[in-house]
$ cat data.txt   # compact mmCIF, C-alpha atoms
# COMPACT_ATOMS: atom_id res chain seq x y z
CA MET O 21 85.16 -96.26 24.68
CA LYS O 22 84.68 -98.23 21.46
CA ASN O 23 82.44 -96.68 18.82
CA GLN O 24 81.22 -100.12 17.62
CA LYS O 25 80.53 -98.80 14.10
CA MET O 26 82.42 -100.45 11.27
CA TYR O 27 83.23 -97.88 8.61
CA GLU O 28 83.16 -98.73 4.90
CA ALA O 29 84.57 -97.24 1.73
CA ASP O 30 81.27 -95.60 0.77
CA ASP O 31 80.93 -93.73 4.09
CA LYS O 32 81.67 -90.03 3.94
CA MET O 33 85.11 -89.20 5.28
CA ILE O 34 83.71 -86.32 7.34
CA LEU O 35 81.47 -88.83 9.16
CA LEU O 36 84.54 -90.71 10.39
CA ILE O 37 86.09 -87.51 11.73
CA GLY O 38 82.83 -86.34 13.30
CA ASP O 39 82.46 -89.65 15.14
CA ASN O 40 86.12 -89.93 16.10
CA TYR O 41 88.02 -86.64 16.10
CA ASP O 42 91.23 -88.37 17.20
CA LEU O 43 91.42 -89.81 13.65
CA LEU O 44 92.63 -86.39 12.52
CA GLN O 45 96.15 -87.45 13.44
CA SER O 46 95.80 -90.68 11.47
CA LEU O 47 94.77 -88.73 8.37
CA GLY O 48 98.07 -86.90 8.45
CA SER O 49 100.00 -90.13 8.91
CA PHE O 50 98.34 -91.58 5.80
CA GLY O 51 99.16 -88.41 3.88
CA ILE O 52 95.50 -87.40 3.58
CA ASN O 53 94.95 -83.64 3.56
CA LEU O 54 91.85 -81.85 4.83
CA GLY O 55 89.44 -80.10 2.49
CA PHE O 56 87.76 -83.23 1.12
CA GLY O 57 84.23 -81.85 1.38
CA ASP O 58 81.49 -84.50 1.39
CA LYS O 59 83.48 -87.13 -0.51
CA THR O 60 83.48 -90.78 0.51
CA VAL O 61 86.42 -92.59 2.01
CA ARG O 62 86.97 -94.32 -1.32
CA GLU O 63 86.97 -91.04 -3.26
CA VAL O 64 89.30 -89.28 -0.85
CA CYS O 65 91.76 -92.17 -0.76
CA GLU O 66 91.80 -92.53 -4.55
CA GLU O 67 92.42 -88.81 -5.03
CA GLN O 68 95.24 -88.74 -2.49
CA GLY O 69 96.96 -91.99 -3.46
CA VAL O 70 96.08 -94.03 -0.37
CA ASP O 71 94.86 -97.63 -0.42
CA ALA O 72 91.30 -97.37 0.95
CA TYR O 73 91.13 -100.98 2.16
CA THR O 74 94.30 -100.56 4.25
CA PHE O 75 93.17 -97.17 5.54
CA LEU O 76 89.86 -98.63 6.75
CA ALA O 77 91.63 -101.65 8.25
CA VAL O 78 93.75 -99.37 10.45
CA VAL O 79 90.81 -97.06 11.26
CA ASN O 80 88.42 -99.86 12.23
CA PHE O 81 91.12 -101.58 14.27
CA SER O 82 92.06 -98.35 16.05
CA ILE O 83 88.46 -97.50 16.86
CA ASN O 84 86.97 -100.91 17.64
CA GLY O 85 89.87 -103.34 17.78
CA TYR O 86 88.50 -105.03 14.65
CA LYS O 87 91.14 -107.19 12.94
CA GLU O 88 89.16 -109.90 11.15
CA PHE O 89 89.86 -108.59 7.65
CA ASP O 90 87.88 -110.01 4.73
CA ASP O 91 91.04 -110.42 2.69
CA ALA O 92 94.34 -109.88 4.49
CA ASP O 93 96.20 -110.18 1.17
CA ARG O 94 94.57 -106.92 0.09
CA LEU O 95 96.40 -104.95 2.75
CA SER O 96 98.88 -102.61 1.08
CA ILE O 97 102.31 -102.90 2.67
CA PRO O 98 103.56 -99.62 1.10
CA THR O 99 100.51 -97.84 2.59
CA LEU O 100 101.16 -99.40 6.00
CA MET O 101 104.82 -98.34 5.89
CA GLN O 102 103.84 -94.83 4.82
CA TYR O 103 101.49 -94.66 7.81
CA LEU O 104 104.07 -95.94 10.29
CA LYS O 105 106.88 -93.72 9.00
CA ALA O 106 104.71 -90.61 9.09
CA SER O 107 103.57 -91.52 12.60
CA HIS O 108 107.20 -91.78 13.69
CA SER O 109 107.96 -88.41 12.18
CA TYR O 110 104.99 -86.79 13.91
CA TYR O 111 105.89 -88.25 17.28
CA LEU O 112 109.64 -87.61 17.14
CA ASP O 113 109.66 -84.24 15.40
CA TYR O 114 106.57 -82.67 16.91
CA GLU O 115 104.92 -84.43 19.85
CA LEU O 116 107.98 -85.16 21.99
CA PRO O 117 109.52 -81.65 21.62
CA PHE O 118 106.09 -80.04 22.14
CA ILE O 119 105.47 -81.82 25.44
CA ARG O 120 109.00 -81.09 26.65
CA LYS O 121 108.52 -77.38 25.99
CA LYS O 122 105.27 -77.41 27.93
CA LEU O 123 107.01 -79.16 30.82
CA VAL O 124 109.76 -76.55 30.84
CA ASP O 125 107.16 -73.75 30.86
CA GLY O 126 105.24 -75.34 33.73
CA LEU O 127 108.17 -76.32 35.96
CA ASP O 128 110.36 -74.25 38.24
CA GLU O 129 113.84 -74.65 36.84
CA ASN O 130 115.33 -74.02 40.29
CA ASP O 131 113.46 -76.94 41.84
CA ASN O 132 115.40 -80.22 42.12
CA LEU O 133 112.26 -82.29 41.56
CA ALA O 134 111.52 -80.33 38.40
CA ARG O 135 114.99 -81.11 37.05
CA LEU O 136 114.43 -84.78 37.88
CA ILE O 137 111.16 -84.74 35.94
CA LEU O 138 112.86 -83.28 32.87
CA ARG O 139 115.64 -85.85 33.08
CA LEU O 140 113.09 -88.65 33.35
CA TYR O 141 111.23 -87.29 30.33
CA ASP O 142 114.44 -87.01 28.30
CA GLU O 143 115.30 -90.64 29.09
CA TYR O 144 111.83 -91.70 27.97
CA ALA O 145 112.13 -89.67 24.75
CA HIS O 146 115.55 -91.21 24.07
CA ASP O 147 114.16 -94.76 24.43
CA ILE O 148 111.27 -94.02 22.07
CA ARG O 149 113.55 -92.37 19.53
CA ARG O 150 115.95 -95.31 19.59
CA HIS O 151 113.07 -97.78 19.12
CA MET O 152 111.60 -95.92 16.17
CA GLN O 153 114.98 -95.34 14.54
CA TYR O 154 115.62 -99.09 14.72
CA GLU O 155 112.45 -99.64 12.73
CA GLU O 156 113.48 -96.97 10.21
CA LYS O 157 117.01 -98.35 9.73
CA THR O 158 116.37 -102.10 10.00
CA VAL O 159 112.74 -103.19 9.74
CA PHE O 160 111.48 -100.97 6.92
CA PRO O 161 114.51 -101.57 4.62
CA TYR O 162 114.08 -105.31 5.23
CA VAL O 163 110.41 -105.15 4.22
CA LYS O 164 111.27 -103.01 1.17
CA GLY O 165 113.75 -105.70 0.14
CA LEU O 166 111.08 -108.40 0.48
CA LEU O 167 108.76 -106.40 -1.76
CA GLU O 168 111.56 -106.20 -4.33
CA GLY O 169 112.15 -109.95 -4.12
CA LYS O 170 115.34 -109.67 -2.07
CA GLY O 171 115.31 -111.99 0.92
CA ASN O 172 117.56 -111.78 3.99
CA ASP O 173 118.59 -115.05 5.61
CA ASN O 174 119.94 -113.20 8.65
CA TYR O 175 116.74 -111.39 9.61
CA ASP O 176 112.99 -111.88 9.73
CA ILE O 177 109.95 -110.08 11.14
CA GLU O 178 109.84 -112.53 14.07
CA THR O 179 113.11 -111.04 15.31
CA PHE O 180 111.45 -107.63 15.40
CA SER O 181 108.28 -109.01 16.99
CA LYS O 182 110.18 -110.63 19.89
CA HIS O 183 111.80 -107.30 20.77
CA HIS O 184 108.75 -105.18 20.05
CA SER O 185 107.73 -103.82 23.41
CA GLN O 186 106.17 -100.60 24.56
CA THR O 187 108.45 -98.20 26.43
CA ASP O 188 106.07 -96.77 28.97
CA VAL O 189 107.57 -97.39 32.43
CA LYS O 190 109.36 -94.03 32.57
CA LEU O 191 106.28 -92.24 31.28
CA ARG O 192 104.14 -93.82 33.99
CA GLU O 193 106.65 -92.70 36.62
CA LEU O 194 106.62 -89.20 35.17
CA LYS O 195 102.83 -88.94 35.34
CA ASN O 196 102.74 -90.22 38.92
CA ILE O 197 105.34 -87.71 40.09
CA ILE O 198 103.48 -84.79 38.53
CA ILE O 199 100.15 -85.92 39.99
CA LYS O 200 101.47 -86.67 43.49
CA TYR O 201 104.06 -83.98 44.13
CA LEU O 202 103.54 -80.99 41.83
CA PRO O 203 102.82 -78.11 41.48
CA SER O 204 103.24 -75.48 44.15
CA ASP O 205 100.99 -72.72 42.82
CA ALA O 206 97.78 -72.24 40.83
CA HIS O 207 99.48 -70.97 37.65
CA ARG O 208 101.85 -73.92 37.42
CA ASN O 209 98.99 -76.24 38.31
CA SER O 210 97.05 -75.12 35.22
CA GLN O 211 100.10 -75.46 32.98
CA LEU O 212 101.05 -78.88 34.28
CA THR O 213 97.46 -80.15 34.19
CA ALA O 214 97.28 -79.24 30.50
CA THR O 215 100.66 -80.89 29.90
CA LEU O 216 99.59 -84.00 31.79
CA TYR O 217 96.51 -84.22 29.58
CA ASP O 218 98.78 -84.11 26.51
CA ILE O 219 100.99 -86.82 28.00
CA TYR O 220 98.00 -89.11 28.52
CA ASN O 221 96.84 -88.52 24.94
CA CYS O 222 100.35 -89.14 23.70
CA GLU O 223 100.56 -92.37 25.66
CA ASN O 224 97.24 -93.58 24.22
CA TRP O 225 98.43 -92.80 20.71
CA LEU O 226 101.71 -94.62 21.24
CA ASN O 227 99.89 -97.70 22.54
CA GLN O 228 97.60 -97.61 19.51
CA HIS O 229 100.60 -97.25 17.20
CA ALA O 230 102.28 -100.28 18.79
CA ASP O 231 99.04 -102.30 18.49
CA VAL O 232 98.78 -101.51 14.76
CA GLU O 233 102.32 -102.78 14.30
CA GLU O 234 101.67 -105.91 16.37
CA GLU O 235 98.24 -106.84 15.03
CA ILE O 236 98.34 -105.63 11.42
CA PHE O 237 101.87 -104.84 10.21
CA ILE O 238 103.78 -107.82 11.66
CA PRO O 239 101.21 -110.49 10.56
CA THR O 240 101.14 -108.93 7.08
CA ILE O 241 104.93 -109.16 6.80
CA ARG O 242 104.82 -112.77 8.01
CA ARG O 243 102.53 -113.58 5.07
CA LEU O 244 104.90 -111.75 2.72
CA GLU O 245 107.81 -113.81 4.04
CA GLN O 246 105.87 -117.04 3.46
CA LYS O 247 105.07 -116.02 -0.11
CA SER O 248 108.70 -115.09 -0.68
CA LYS O 249 109.84 -118.52 0.51
CA GLN O 250 107.24 -120.22 -1.68
CA ASN O 251 108.43 -118.22 -4.67
CA ASP O 252 112.03 -119.26 -3.95
CA VAL O 253 110.96 -122.92 -3.92
CA SER O 254 109.01 -122.46 -7.16
CA VAL O 255 112.04 -120.90 -8.86
CA LYS O 256 114.25 -123.78 -7.75
CA ILE O 257 111.73 -126.36 -8.94
CA SER O 258 111.37 -124.60 -12.29
CA SER O 259 115.14 -124.49 -12.65
CA MET O 260 115.41 -128.16 -11.79
CA ILE O 261 112.69 -129.09 -14.29
CA SER O 262 114.36 -126.96 -16.95
CA GLN O 263 117.70 -128.64 -16.36
CA ASN O 264 116.12 -132.07 -16.55
CA THR O 265 114.28 -131.19 -19.77
CA GLU O 266 117.51 -130.04 -21.39
CA SER O 267 119.36 -133.19 -20.39
CA ASN O 268 120.23 -135.50 -23.25
CA GLU O 269 119.93 -138.56 -21.05
CA THR O 270 116.49 -139.97 -20.32
CA LEU O 271 115.51 -142.57 -17.79
CA SER O 272 114.97 -146.13 -18.85
CA ASP O 273 111.68 -147.82 -18.05
CA ARG O 274 113.35 -149.75 -15.22
CA GLU O 275 114.82 -146.54 -13.78
CA LYS O 276 111.37 -144.96 -13.88
CA ASP O 277 110.04 -147.97 -11.95
CA VAL O 278 112.74 -147.37 -9.33
CA VAL O 279 111.80 -143.71 -9.08
CA ILE O 280 108.15 -144.64 -8.49
CA CYS O 281 109.17 -147.03 -5.71
CA VAL O 282 111.35 -144.39 -4.07
CA VAL O 283 108.49 -141.91 -4.18
CA GLN O 284 106.29 -144.50 -2.49
CA GLY O 285 108.79 -144.63 0.38
CA MET O 286 110.28 -148.07 -0.26
CA THR O 287 113.73 -149.07 0.95
CA ASN O 288 116.32 -150.48 -1.47
CA LYS O 289 115.51 -154.00 -0.27
CA GLU O 290 111.77 -153.47 -0.74
CA ILE O 291 112.37 -152.08 -4.23
CA ALA O 292 114.46 -155.13 -5.08
CA ASN O 293 111.69 -157.48 -3.97
CA GLN O 294 109.05 -155.43 -5.81
CA LEU O 295 110.96 -155.43 -9.11
CA CYS O 296 112.52 -158.92 -8.73
CA ILE O 297 116.08 -157.62 -8.97
CA SER O 298 119.03 -157.60 -6.58
CA THR O 299 119.67 -154.85 -4.03
CA ASN O 300 122.97 -154.03 -5.75
CA THR O 301 121.09 -153.51 -9.02
CA VAL O 302 118.70 -151.13 -7.26
CA ILE O 303 121.67 -149.16 -5.90
CA THR O 304 123.19 -148.99 -9.40
CA HIS O 305 119.89 -147.75 -10.85
CA ARG O 306 119.63 -145.06 -8.16
CA ARG O 307 123.19 -143.87 -8.90
CA ASN O 308 122.36 -143.62 -12.60
CA ILE O 309 119.12 -141.77 -11.85
CA ALA O 310 120.96 -139.25 -9.65
CA ARG O 311 123.63 -138.75 -12.35
CA LYS O 312 121.10 -138.26 -15.13
CA LEU O 313 118.69 -136.01 -13.27
CA GLN O 314 121.13 -134.34 -10.85
CA ILE O 315 118.57 -135.05 -8.15
CA HIS O 316 119.85 -136.66 -4.97
CA SER O 317 116.93 -136.59 -2.55
CA PRO O 318 113.61 -138.45 -2.31
CA ALA O 319 111.82 -135.09 -2.14
CA GLY O 320 113.44 -134.02 -5.39
CA LEU O 321 112.54 -137.32 -7.06
CA THR O 322 108.96 -136.90 -5.84
CA ILE O 323 108.72 -133.52 -7.57
CA TYR O 324 110.26 -135.00 -10.73
CA ALA O 325 107.81 -137.92 -10.69
CA ILE O 326 104.78 -135.63 -10.25
CA VAL O 327 105.88 -133.17 -12.96
CA ASN O 328 106.61 -135.98 -15.41
CA ASN O 329 103.35 -137.83 -14.65
CA LEU O 330 105.04 -140.92 -13.25
CA VAL O 331 102.78 -140.71 -10.18
CA ASP O 332 99.58 -138.89 -9.35
CA ILE O 333 99.99 -136.16 -6.75
CA SER O 334 96.94 -137.44 -4.85
CA SER O 335 98.77 -140.72 -4.20
CA VAL O 336 101.84 -139.04 -2.72
CA ASN O 337 102.17 -138.61 1.02
CA LEU O 338 103.36 -134.97 1.16
$ encode --input "data.txt" --output "structure tokens"
Amino acid sequence: MKNQKMYEADDKMILLIGDNYDLLQSLGSFGINLGFGDKTVREVCEEQGVDAYTFLAVVNFSINGYKEFDDADRLSIPTLMQYLKASHSYYLDYELPFIRKKLVDGLDENDNLARLILRLYDEYAHDIRRHMQYEEKTVFPYVKGLLEGKGNDNYDIETFSKHHSQTDVKLRELKNIIIKYLPSDAHRNSQLTATLYDIYNCENWLNQHADVEEEIFIPTIRRLEQKSKQNDVSVKISSMISQNTESNETLSDREKDVVICVVQGMTNKEIANQLCISTNTVITHRRNIARKLQIHSPAGLTIYAIVNNLVDISSVNL
């Protein structure tokens, strides 16, 4: 059931835990240790090196499904990756082995159905481990490269998103088998009931983890990719402008007139009529312009014309 309260940086951290005790696991994933007394969320996060805005974004989304962030650009990608990596470690190194041990303790090892249950659980654990290791080996290094300004033309976050699915079919089968067919005595019933409760909690956590990736992490990386592409374009434009500035050859007034006509979308024939010259002369001017500027496309000439104040950007159909 949703709490419906939206937590803020000036709320006391202990209030969050008191209202939602399942956040204790999230604290560990963010690297936040207990013992914070009556300090606010902001104070605790600052002391423990966690971005408070990102922490609250994940907390409020996990509790209430809230994802309309005031400023999505404020989300800290390193904090998100720290959270996801720590969550993987908790699940793979602790939760999965813990549940398996409880299953072993509660099952009769001589029972064929019990062995089937363990095999089903091991297959489920293998699928989850493979999925999380893919993120560790492929997705997170890719994002780290983006943060360092290193793009990858062979991969993007959309590739991950298309294959990002929850592996819960085997777990659902496992729960149904335990509920319908086991156990055979009161002692095993108590053990397996407690284990089943852990499995349900684990399933809820895994669904929440996948939702954080889908609704917060992936959209944030999409924005990072867009910024990275924009930066690449800016660098290329700056390089082009620099090269043009250093060129010893400048355009004649007539060549500038031709550039303006090209930017306005005119054909060679239309340019000829506009400037009262022949089409062949227009073609010659365009060859000279391309040679002087080393720009061979209308889009490139448009950028040149705007930067050099030959046309006003408001008059250009972008």
$ atom_distance --input "data.txt" --atom1 "atom CA of Glu67 of chain O" --atom2 "atom CA of Asp113 of chain O"
27.1 Å
$ residues_around --input "data.txt" --residues "Tyr27 of chain O" --least-positions-apart "2" --cutoff "9 Å" --atoms "all atoms listed in the file" --output "MDAnalysis selection string"
chainID O and resid 25 29:31 36 76 79:80
$ residues_near_point --input "data.txt" --point "(88.9, -91.0, -4.0)" --cutoff "12 Å" --atoms "only C-alpha atoms" --output "ChimeraX atom specification"
/O:29-33,52,56-73
$ closest_residue --input "data.txt" --among "O:Leu112, O:Ala106, O:Cys222, O:Leu54" --to "Ala145 of chain O" --atoms "all atoms listed in the file"
O:Leu112
$ residues_around --input "data.txt" --residues "Tyr220 of chain O" --least-positions-apart "2" --cutoff "12 Å" --atoms "only C-alpha atoms" --output "short mmCIF file (atom, residue, chain, number, x, y, z; two decimals) with C-alpha atoms, in the frame of the given file"
data_model
loop_
_atom_site.label_atom_id
_atom_site.label_comp_id
_atom_site.auth_asym_id
_atom_site.auth_seq_id
_atom_site.Cartn_x
_atom_site.Cartn_y
_atom_site.Cartn_z
CA ILE O 119 105.47 -81.82 25.44
CA ASP O 188 106.07 -96.77 28.97
CA LEU O 191 106.28 -92.24 31.28
CA ARG O 192 104.14 -93.82 33.99
CA LEU O 194 106.62 -89.20 35.17
CA LYS O 195 102.83 -88.94 35.34
CA ASN O 196 102.74 -90.22 38.92
CA THR O 213 97.46 -80.15 34.19
CA ALA O 214 97.28 -79.24 30.50
CA THR O 215 100.66 -80.89 29.90
CA LEU O 216 99.59 -84.00 31.79
CA TYR O 217 96.51 -84.22 29.58
CA ASP O 218 98.78 -84.11 26.51
CA CYS O 222 100.35 -89.14 23.70
CA GLU O 223 100.56 -92.37 25.66
CA ASN O 224 97.24 -93.58 24.22
CA TRP O 225 98.43 -92.80 20.71
CA LEU O 226 101.71 -94.62 21.24
CA ASN O 227 99.89 -97.70 22.54
#
